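A.B. asks: Here it is, the structure, as structure tokens.
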Amino acid sequence: PYRMNKISPVLNVILLVAVAVLYYLHFRSEPADAPALAPGNAAQASAKLAYVNIDSLLSKYDYYKEVKAEFEKKQQQFEEEMNRRGKALESEYIATQEKARSGQMTEMQMQEAEQAMMKKQQDLMAFKQDKEDDLVKEQKKLNDELYAKILEFLKRSHAKNNYNFIFGYTKEGGILLANDSLDLTQEVLEGLNQNN
């Protein structure tokens, strides 16, 4: 199953998509006869750049911490259930083998027991697959909700500050160096936590 700690790269991609949407919305709303940026206006355009440190945001975002803890609890419960069912099946198999070795079962009973064990093993694998599929769907739902919350905040922030780009900065990402004066992480974090 996918774990919540893999959300950072996913969120990075989501934020880049959000940035593209905001960029499109910004330039779509400008008049058709708006003058192109002259070379002297390049500094003005760069003043509309900002970034959010995704690693810091996720480590301090209350909503994310809550859903991550809930999701990890469900994963742990699933793993415990699989261990319990696996051990029960293993114990049953060992007991059946002991009966067969000690001559307490006819050949027909051994064949029936073997078929029953195979069916139980298939059922266990089907249960495992179903639960893993459920966890993947839940992970996607949580990612979508997280995306929606962040995108909504960024849209409000864009309306107020008119950014051209808001980048998602992560330790493993493509941005190697970022000017701290362009860091919106704290503002975004505070806004998200207030609306949590």
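FYI, nothing fancy with the structure tokens labels: chains A, B, ... in order, residues from 1 per chain, ligands from 1 as they appear.
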Give me every strand (DSSP E or B) residue in range 40-126 of chain A, going by DSSP on the backbone, as a ChimeraX atom specification.

C.D. replies: /A:49-53

A.B. asks: Between CA of Ala88 in chain A and CA of Asp134 in chain A, what is the distance, to one decimal in Å?

C.D. replies: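 Between CA of Ala88 in chain A and CA of Asp134 in chain A the gap is 23.3 Å.
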
A.B. asks: Quick one: distance from CA of Asn143 in chain A to CA of Gln75 in chain A in Å, one decimal?

C.D. replies: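 Between CA of Asn143 in chain A and CA of Gln75 in chain A the gap is 16.1 Å.
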
A.B. asks: Using only C-alpha atoms, determine which residues lie at most 9 Å from Lys171 in chain A, disregarding the query and same-chain residues fewer than 4 positions distant; provide the list as a list in words.

C.D. replies: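 The neighbour list is Asn53, Ile54, Asp55, Ile175 and Leu176 of chain A.
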
A.B. asks: Would you mind exporting N, CA and C atoms of the selected residues as a PDB file, in the first residue's frame?

C.D. replies:
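In the end it all went to result.pdb:
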```pdb
ATOM      1  N   ASN A  53       7.645  25.881   0.912  1.00  0.00           N
ATOM      2  CA  ASN A  53       8.466  24.725   1.282  1.00  0.00           C
ATOM      3  C   ASN A  53       7.508  23.607   1.686  1.00  0.00           C
ATOM      4  N   ILE A  54       7.352  22.650   0.800  1.00  0.00           N
ATOM      5  CA  ILE A  54       6.364  21.585   0.991  1.00  0.00           C
ATOM      6  C   ILE A  54       6.702  20.730   2.214  1.00  0.00           C
ATOM      7  N   ASP A  55       7.986  20.428   2.404  1.00  0.00           N
ATOM      8  CA  ASP A  55       8.391  19.598   3.546  1.00  0.00           C
ATOM      9  C   ASP A  55       7.985  20.271   4.860  1.00  0.00           C
ATOM     10  N   ILE A 175      14.380  22.529  -7.499  1.00  0.00           N
ATOM     11  CA  ILE A 175      14.866  23.863  -7.119  1.00  0.00           C
ATOM     12  C   ILE A 175      15.992  23.686  -6.108  1.00  0.00           C
ATOM     13  N   LEU A 176      17.177  24.141  -6.451  1.00  0.00           N
ATOM     14  CA  LEU A 176      18.340  23.948  -5.584  1.00  0.00           C
ATOM     15  C   LEU A 176      18.511  25.065  -4.567  1.00  0.00           C
TER      16      LEU A 176
END
```

A.B. asks: Hey, can you check how far CA of Leu146 in chain A sits from CA of Glu132 in chain A?

C.D. replies: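 Answer for the CA of Leu146 in chain A to CA of Glu132 in chain A separation: 20.8 Å.
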
A.B. asks: Could you check which of A:Ile150, A:Glu80, A:Val52, A:Gln115 is closest to Thr96 in chain A, using only C-alpha atoms?

C.D. replies: A:Gln115

A.B. asks: Rank nothing, just name the residue among A:Arg84, A:Lys137, A:Asp123, A:Leu182 nearest to Phe167 in chain A, using only C-alpha atoms.

C.D. replies: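 Nearest to Phe167 in chain A: A:Leu182.
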